[in-house]
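Engineer: Okay, so here is entry_2.cif, and as you'll see once you scroll down, it has mmCIF, N, CA and C atoms.
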```cif
data_entry
loop_
_atom_site.label_atom_id
_atom_site.label_comp_id
_atom_site.auth_asym_id
_atom_site.auth_seq_id
_atom_site.Cartn_x
_atom_site.Cartn_y
_atom_site.Cartn_z
N MET A 1 75.21 -7.17 35.21
CA MET A 1 75.26 -5.76 34.85
C MET A 1 74.41 -5.50 33.60
N LEU A 2 74.57 -6.35 32.60
CA LEU A 2 73.80 -6.19 31.37
C LEU A 2 72.30 -6.31 31.64
N LYS A 3 71.96 -7.23 32.53
CA LYS A 3 70.54 -7.41 32.88
C LYS A 3 69.98 -6.13 33.50
N GLY A 4 70.74 -5.48 34.37
CA GLY A 4 70.31 -4.23 34.99
C GLY A 4 70.13 -3.11 33.98
N ILE A 5 71.04 -3.04 33.02
CA ILE A 5 70.96 -2.01 31.97
C ILE A 5 69.72 -2.25 31.11
N LEU A 6 69.50 -3.51 30.72
CA LEU A 6 68.32 -3.82 29.90
C LEU A 6 67.02 -3.52 30.65
N CYS A 7 66.98 -3.85 31.92
CA CYS A 7 65.79 -3.54 32.73
C CYS A 7 65.55 -2.03 32.79
N SER A 8 66.62 -1.28 32.94
CA SER A 8 66.50 0.18 32.99
C SER A 8 65.99 0.73 31.67
N ILE A 9 66.50 0.20 30.57
CA ILE A 9 66.07 0.65 29.24
C ILE A 9 64.58 0.36 29.05
N PHE A 10 64.15 -0.84 29.39
CA PHE A 10 62.74 -1.19 29.24
C PHE A 10 61.85 -0.33 30.13
N LEU A 11 62.29 -0.03 31.33
CA LEU A 11 61.52 0.82 32.23
C LEU A 11 61.37 2.22 31.65
N VAL A 12 62.45 2.77 31.13
CA VAL A 12 62.40 4.11 30.53
C VAL A 12 61.47 4.11 29.32
N LEU A 13 61.57 3.09 28.47
CA LEU A 13 60.69 3.01 27.30
C LEU A 13 59.23 2.89 27.71
N PHE A 14 58.95 2.08 28.72
CA PHE A 14 57.58 1.93 29.20
C PHE A 14 57.04 3.25 29.71
N LEU A 15 57.81 3.94 30.52
CA LEU A 15 57.37 5.23 31.06
C LEU A 15 57.19 6.26 29.96
N PHE A 16 58.07 6.26 28.98
CA PHE A 16 57.98 7.20 27.86
C PHE A 16 56.71 6.96 27.06
N ILE A 17 56.44 5.70 26.74
CA ILE A 17 55.24 5.36 25.97
C ILE A 17 53.99 5.67 26.78
N SER A 18 54.00 5.35 28.06
CA SER A 18 52.84 5.61 28.92
C SER A 18 52.54 7.10 29.03
N ALA A 19 53.57 7.92 29.01
CA ALA A 19 53.38 9.36 29.14
C ALA A 19 52.63 9.94 27.96
N PHE A 20 52.68 9.27 26.81
CA PHE A 20 52.03 9.79 25.62
C PHE A 20 50.74 9.05 25.27
N ALA A 21 50.33 8.12 26.09
CA ALA A 21 49.09 7.40 25.85
C ALA A 21 47.91 8.28 26.24
N ALA A 22 46.93 8.32 25.37
CA ALA A 22 45.74 9.13 25.66
C ALA A 22 44.88 8.42 26.72
N ILE A 23 44.22 9.21 27.53
CA ILE A 23 43.34 8.70 28.58
C ILE A 23 41.94 8.54 27.99
N ASN A 24 41.37 7.36 28.15
CA ASN A 24 40.02 7.09 27.66
C ASN A 24 39.02 7.66 28.66
N LEU A 25 38.26 8.65 28.23
CA LEU A 25 37.30 9.32 29.11
C LEU A 25 36.19 8.39 29.60
N ASN A 26 35.92 7.33 28.86
CA ASN A 26 34.82 6.44 29.23
C ASN A 26 35.22 5.35 30.22
N THR A 27 36.52 5.14 30.42
CA THR A 27 36.95 4.08 31.33
C THR A 27 37.90 4.56 32.42
N ALA A 28 38.38 5.78 32.31
CA ALA A 28 39.40 6.28 33.25
C ALA A 28 38.84 6.43 34.65
N ASP A 29 39.65 6.05 35.63
CA ASP A 29 39.29 6.30 37.02
C ASP A 29 39.79 7.69 37.42
N LYS A 30 39.52 8.08 38.65
CA LYS A 30 39.87 9.42 39.11
C LYS A 30 41.37 9.68 39.01
N ALA A 31 42.18 8.71 39.39
CA ALA A 31 43.64 8.88 39.35
C ALA A 31 44.13 9.08 37.92
N ALA A 32 43.57 8.33 36.97
CA ALA A 32 43.97 8.48 35.57
C ALA A 32 43.58 9.86 35.05
N LEU A 33 42.38 10.31 35.39
CA LEU A 33 41.94 11.64 34.95
C LEU A 33 42.83 12.73 35.54
N GLU A 34 43.25 12.55 36.78
CA GLU A 34 44.11 13.55 37.43
C GLU A 34 45.50 13.61 36.80
N SER A 35 45.86 12.59 36.03
CA SER A 35 47.17 12.61 35.35
C SER A 35 47.15 13.50 34.11
N ILE A 36 45.98 13.96 33.72
CA ILE A 36 45.85 14.87 32.58
C ILE A 36 46.25 16.26 33.04
N SER A 37 47.10 16.90 32.27
CA SER A 37 47.57 18.24 32.61
C SER A 37 46.39 19.20 32.75
N GLY A 38 46.28 19.85 33.92
CA GLY A 38 45.21 20.81 34.16
C GLY A 38 43.98 20.22 34.83
N ILE A 39 43.95 18.91 35.00
CA ILE A 39 42.81 18.26 35.66
C ILE A 39 43.24 17.85 37.07
N GLY A 40 42.61 18.46 38.05
CA GLY A 40 42.90 18.12 39.45
C GLY A 40 41.78 17.26 40.01
N PRO A 41 41.78 17.05 41.31
CA PRO A 41 40.77 16.19 41.94
C PRO A 41 39.33 16.65 41.70
N ALA A 42 39.07 17.94 41.76
CA ALA A 42 37.70 18.44 41.60
C ALA A 42 37.19 18.22 40.17
N LYS A 43 38.02 18.53 39.18
CA LYS A 43 37.59 18.35 37.79
C LYS A 43 37.49 16.88 37.43
N ALA A 44 38.39 16.06 37.96
CA ALA A 44 38.31 14.61 37.72
C ALA A 44 37.00 14.07 38.28
N ALA A 45 36.65 14.50 39.48
CA ALA A 45 35.39 14.07 40.09
C ALA A 45 34.19 14.56 39.28
N ALA A 46 34.27 15.78 38.74
CA ALA A 46 33.18 16.32 37.93
C ALA A 46 33.02 15.53 36.63
N ILE A 47 34.12 15.10 36.04
CA ILE A 47 34.06 14.30 34.81
C ILE A 47 33.38 12.97 35.10
N ILE A 48 33.77 12.33 36.19
CA ILE A 48 33.16 11.04 36.56
C ILE A 48 31.68 11.22 36.90
N LYS A 49 31.35 12.29 37.61
CA LYS A 49 29.94 12.56 37.96
C LYS A 49 29.11 12.75 36.69
N TYR A 50 29.64 13.51 35.72
CA TYR A 50 28.93 13.72 34.46
C TYR A 50 28.75 12.39 33.72
N ARG A 51 29.83 11.60 33.66
CA ARG A 51 29.79 10.32 32.95
C ARG A 51 28.78 9.38 33.61
N ASP A 52 28.75 9.36 34.94
CA ASP A 52 27.79 8.50 35.65
C ASP A 52 26.35 8.94 35.39
N ALA A 53 26.12 10.24 35.29
CA ALA A 53 24.77 10.77 35.09
C ALA A 53 24.29 10.67 33.65
N HIS A 54 25.21 10.79 32.68
CA HIS A 54 24.82 10.88 31.27
C HIS A 54 25.27 9.71 30.41
N GLY A 55 26.00 8.79 30.98
CA GLY A 55 26.51 7.66 30.19
C GLY A 55 27.82 8.02 29.52
N SER A 56 28.27 7.13 28.67
CA SER A 56 29.56 7.29 28.00
C SER A 56 29.63 8.57 27.19
N PHE A 57 30.82 9.14 27.16
CA PHE A 57 31.05 10.30 26.30
C PHE A 57 30.97 9.87 24.85
N LYS A 58 30.34 10.67 24.03
CA LYS A 58 30.24 10.40 22.59
C LYS A 58 31.34 11.11 21.82
N SER A 59 31.81 12.23 22.38
CA SER A 59 32.91 12.98 21.76
C SER A 59 33.68 13.72 22.85
N VAL A 60 34.91 14.06 22.54
CA VAL A 60 35.74 14.82 23.49
C VAL A 60 35.10 16.17 23.77
N ASP A 61 34.47 16.76 22.76
CA ASP A 61 33.84 18.08 22.92
C ASP A 61 32.73 18.08 23.98
N GLU A 62 32.21 16.92 24.31
CA GLU A 62 31.18 16.81 25.34
C GLU A 62 31.71 17.23 26.72
N LEU A 63 33.04 17.27 26.86
CA LEU A 63 33.63 17.75 28.11
C LEU A 63 33.20 19.18 28.43
N LEU A 64 32.79 19.93 27.42
CA LEU A 64 32.33 21.30 27.65
C LEU A 64 31.10 21.33 28.55
N ASN A 65 30.39 20.21 28.66
CA ASN A 65 29.22 20.12 29.53
C ASN A 65 29.59 19.85 30.99
N VAL A 66 30.86 19.58 31.25
CA VAL A 66 31.33 19.27 32.60
C VAL A 66 31.67 20.57 33.32
N LYS A 67 31.16 20.71 34.54
CA LYS A 67 31.41 21.91 35.33
C LYS A 67 32.92 22.12 35.50
N GLY A 68 33.38 23.32 35.17
CA GLY A 68 34.78 23.67 35.34
C GLY A 68 35.64 23.49 34.11
N ILE A 69 35.06 22.96 33.03
CA ILE A 69 35.82 22.78 31.80
C ILE A 69 35.23 23.67 30.72
N GLY A 70 36.03 24.62 30.27
CA GLY A 70 35.63 25.55 29.23
C GLY A 70 36.42 25.31 27.96
N PRO A 71 36.18 26.13 26.94
CA PRO A 71 36.85 25.96 25.64
C PRO A 71 38.38 25.96 25.72
N LYS A 72 38.94 26.84 26.53
CA LYS A 72 40.40 26.91 26.63
C LYS A 72 40.97 25.62 27.26
N MET A 73 40.35 25.17 28.34
CA MET A 73 40.79 23.93 28.98
C MET A 73 40.66 22.76 28.02
N LEU A 74 39.54 22.72 27.29
CA LEU A 74 39.32 21.64 26.33
C LEU A 74 40.43 21.60 25.29
N GLU A 75 40.78 22.75 24.75
CA GLU A 75 41.86 22.81 23.76
C GLU A 75 43.17 22.30 24.34
N ASN A 76 43.43 22.61 25.60
CA ASN A 76 44.68 22.19 26.25
C ASN A 76 44.75 20.68 26.49
N ILE A 77 43.61 20.04 26.66
CA ILE A 77 43.65 18.61 27.00
C ILE A 77 43.24 17.68 25.86
N LYS A 78 42.79 18.23 24.74
CA LYS A 78 42.30 17.39 23.64
C LYS A 78 43.30 16.32 23.20
N GLY A 79 44.57 16.65 23.17
CA GLY A 79 45.57 15.68 22.75
C GLY A 79 45.88 14.62 23.80
N GLN A 80 45.35 14.79 24.99
CA GLN A 80 45.64 13.86 26.08
C GLN A 80 44.50 12.89 26.37
N VAL A 81 43.38 13.08 25.70
CA VAL A 81 42.21 12.24 25.96
C VAL A 81 41.68 11.63 24.68
N GLU A 82 40.92 10.55 24.83
CA GLU A 82 40.29 9.91 23.68
C GLU A 82 38.96 9.32 24.12
N ILE A 83 38.16 8.97 23.13
CA ILE A 83 36.87 8.33 23.37
C ILE A 83 36.90 6.99 22.64
N THR A 84 36.69 5.92 23.38
CA THR A 84 36.49 4.62 22.76
C THR A 84 35.28 3.99 23.42
N HIS A 85 34.59 3.19 22.67
CA HIS A 85 33.34 2.60 23.18
C HIS A 85 33.51 1.14 23.43
#
```
As structure tokens, how would this structure be written, given the file I've shared?
Structural biologist:
Amino acid sequence: MLKGILCSIFLVLFLFISAFAAINLNTADKAALESISGIGPAKAAAIIKYRDAHGSFKSVDELLNVKGIGPKMLENIKGQVEITH
């Protein structure tokens, strides 16, 4: 019984921490990008297409160059994404 409770606690902690982890725009796959609030399949594909054509993102603000992402969308997702090289 104790083992089951401990497993449940660790699972909840893992899911909680994962929910707040920022998505790296330079390494994220389509599924990871779609986990960002407001990013669906079309925008995720557009982000990957832009990244493939232009190389790694240098800043989060570069998302403004991606079709379908404007200033309001960028403000909404800034806390959910990061850039690492």
Engineer: Measuring atom to atom with only N, CA and C atoms, identify which of A:Ala28, A:Ala21, A:Met1, A:Ile83 is nearest to Lys58 in chain A.
Structural biologist: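 Among the listed residues, A:Ile83 lies closest to Lys58 in chain A.
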Engineer: Would you list the contacts of Leu74 in chain A as a PyMOL selection string, taking every protein, DNA or RNA residue within 7 Å and counting all atoms listed in the file, but skipping same-chain residues closer than 5 positions in sequence?
Structural biologist: chain A and resi 63-64+69+79
Engineer: Compile the contact shell of Asp29 in chain A as a ChimeraX atom specification: residues with an atom at most 10 Å away, counting only C-alpha atoms, same-chain residues fewer than 6 positions apart removed.
Structural biologist: /A:23,44-45,47-48
Engineer: I need the chosen residues saved as a PDB file, keeping the file's coordinate frame, with N, CA and C atoms.
Structural biologist:
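Contents of selection28.pdb, as written:
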```
ATOM      1  N   ILE A  23      44.220   9.210  27.530  1.00  0.00           N
ATOM      2  CA  ILE A  23      43.340   8.700  28.580  1.00  0.00           C
ATOM      3  C   ILE A  23      41.940   8.540  27.990  1.00  0.00           C
ATOM      4  N   ALA A  44      38.390  16.060  37.960  1.00  0.00           N
ATOM      5  CA  ALA A  44      38.310  14.610  37.720  1.00  0.00           C
ATOM      6  C   ALA A  44      37.000  14.070  38.280  1.00  0.00           C
ATOM      7  N   ALA A  45      36.650  14.500  39.480  1.00  0.00           N
ATOM      8  CA  ALA A  45      35.390  14.070  40.090  1.00  0.00           C
ATOM      9  C   ALA A  45      34.190  14.560  39.280  1.00  0.00           C
ATOM     10  N   ILE A  47      34.120  15.100  36.040  1.00  0.00           N
ATOM     11  CA  ILE A  47      34.060  14.300  34.810  1.00  0.00           C
ATOM     12  C   ILE A  47      33.380  12.970  35.100  1.00  0.00           C
ATOM     13  N   ILE A  48      33.770  12.330  36.190  1.00  0.00           N
ATOM     14  CA  ILE A  48      33.160  11.040  36.560  1.00  0.00           C
ATOM     15  C   ILE A  48      31.680  11.220  36.900  1.00  0.00           C
TER      16      ILE A  48
END
```
Engineer: Under the rule that only N, CA and C atoms are counted, which of A:Ala31, A:Asn24, A:Asp52, A:Lys67 is the nearest residue to Thr84 in chain A?
Structural biologist: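 Closest to Thr84 in chain A, using only N, CA and C atoms: A:Asn24.
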Engineer: Among the residues of chain A, find those DSSP assigns to strand (DSSP E or B) from the backbone and print them as a ChimeraX atom specification.
Structural biologist: /A:23-24,81-82
Engineer: Mind pulling up the distance from CA of Leu25 in chain A to atom C of Gln80 in chain A?
Structural biologist: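 It comes out at 8.5 Å.
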Engineer: Would you work out the distance separating atom N of Gly55 in chain A from atom C of Ser35 in chain A, expressed in Å to one decimal?
Structural biologist: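 Computed distance, atom N of Gly55 in chain A to atom C of Ser35 in chain A, equals 21.9 Å.
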Engineer: What does the distance from atom C of Glu82 in chain A to CA of Thr27 in chain A come to in Å, to one decimal?
Structural biologist: 9.1 Å
Engineer: Env of His85 in chain A: 8 Å cut, atoms = all atoms listed in the file, seq-sep filter 3 positions within chain, self excluded. Answer as number ranges by chain.
Structural biologist: A: 26, 56-57, 82
Engineer: So that I have them on file, write out the residues from the current selection with N, CA and C atoms, as a compact mmCIF listing (two decimals), keeping the file's coordinate frame.
Structural biologist:
```txt
# COMPACT_ATOMS: atom_id res chain seq x y z
N ASN A 26 35.92 7.33 28.86
CA ASN A 26 34.82 6.44 29.23
C ASN A 26 35.22 5.35 30.22
N SER A 56 28.27 7.13 28.67
CA SER A 56 29.56 7.29 28.00
C SER A 56 29.63 8.57 27.19
N PHE A 57 30.82 9.14 27.16
CA PHE A 57 31.05 10.30 26.30
C PHE A 57 30.97 9.87 24.85
N GLU A 82 40.92 10.55 24.83
CA GLU A 82 40.29 9.91 23.68
C GLU A 82 38.96 9.32 24.12
```
Engineer: Decode the PyMOL selection byres (((chain A and resi 38 and name CA) around 8) and name CA) for the given file into explicit residues and return them as a list in words.
Structural biologist: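 Answer for the PyMOL selection byres (((chain A and resi 38 and name CA) around 8) and name CA): Ile36, Ser37, Ile39, Gly40, Met73 and Ile77 of chain A.
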Engineer: Apply DSSP to the structure's backbone, then extract all residues of chain A labelled alpha helix (DSSP H) and return them as a ChimeraX atom specification.
Structural biologist: /A:2-19,30-34,41-54,71-77
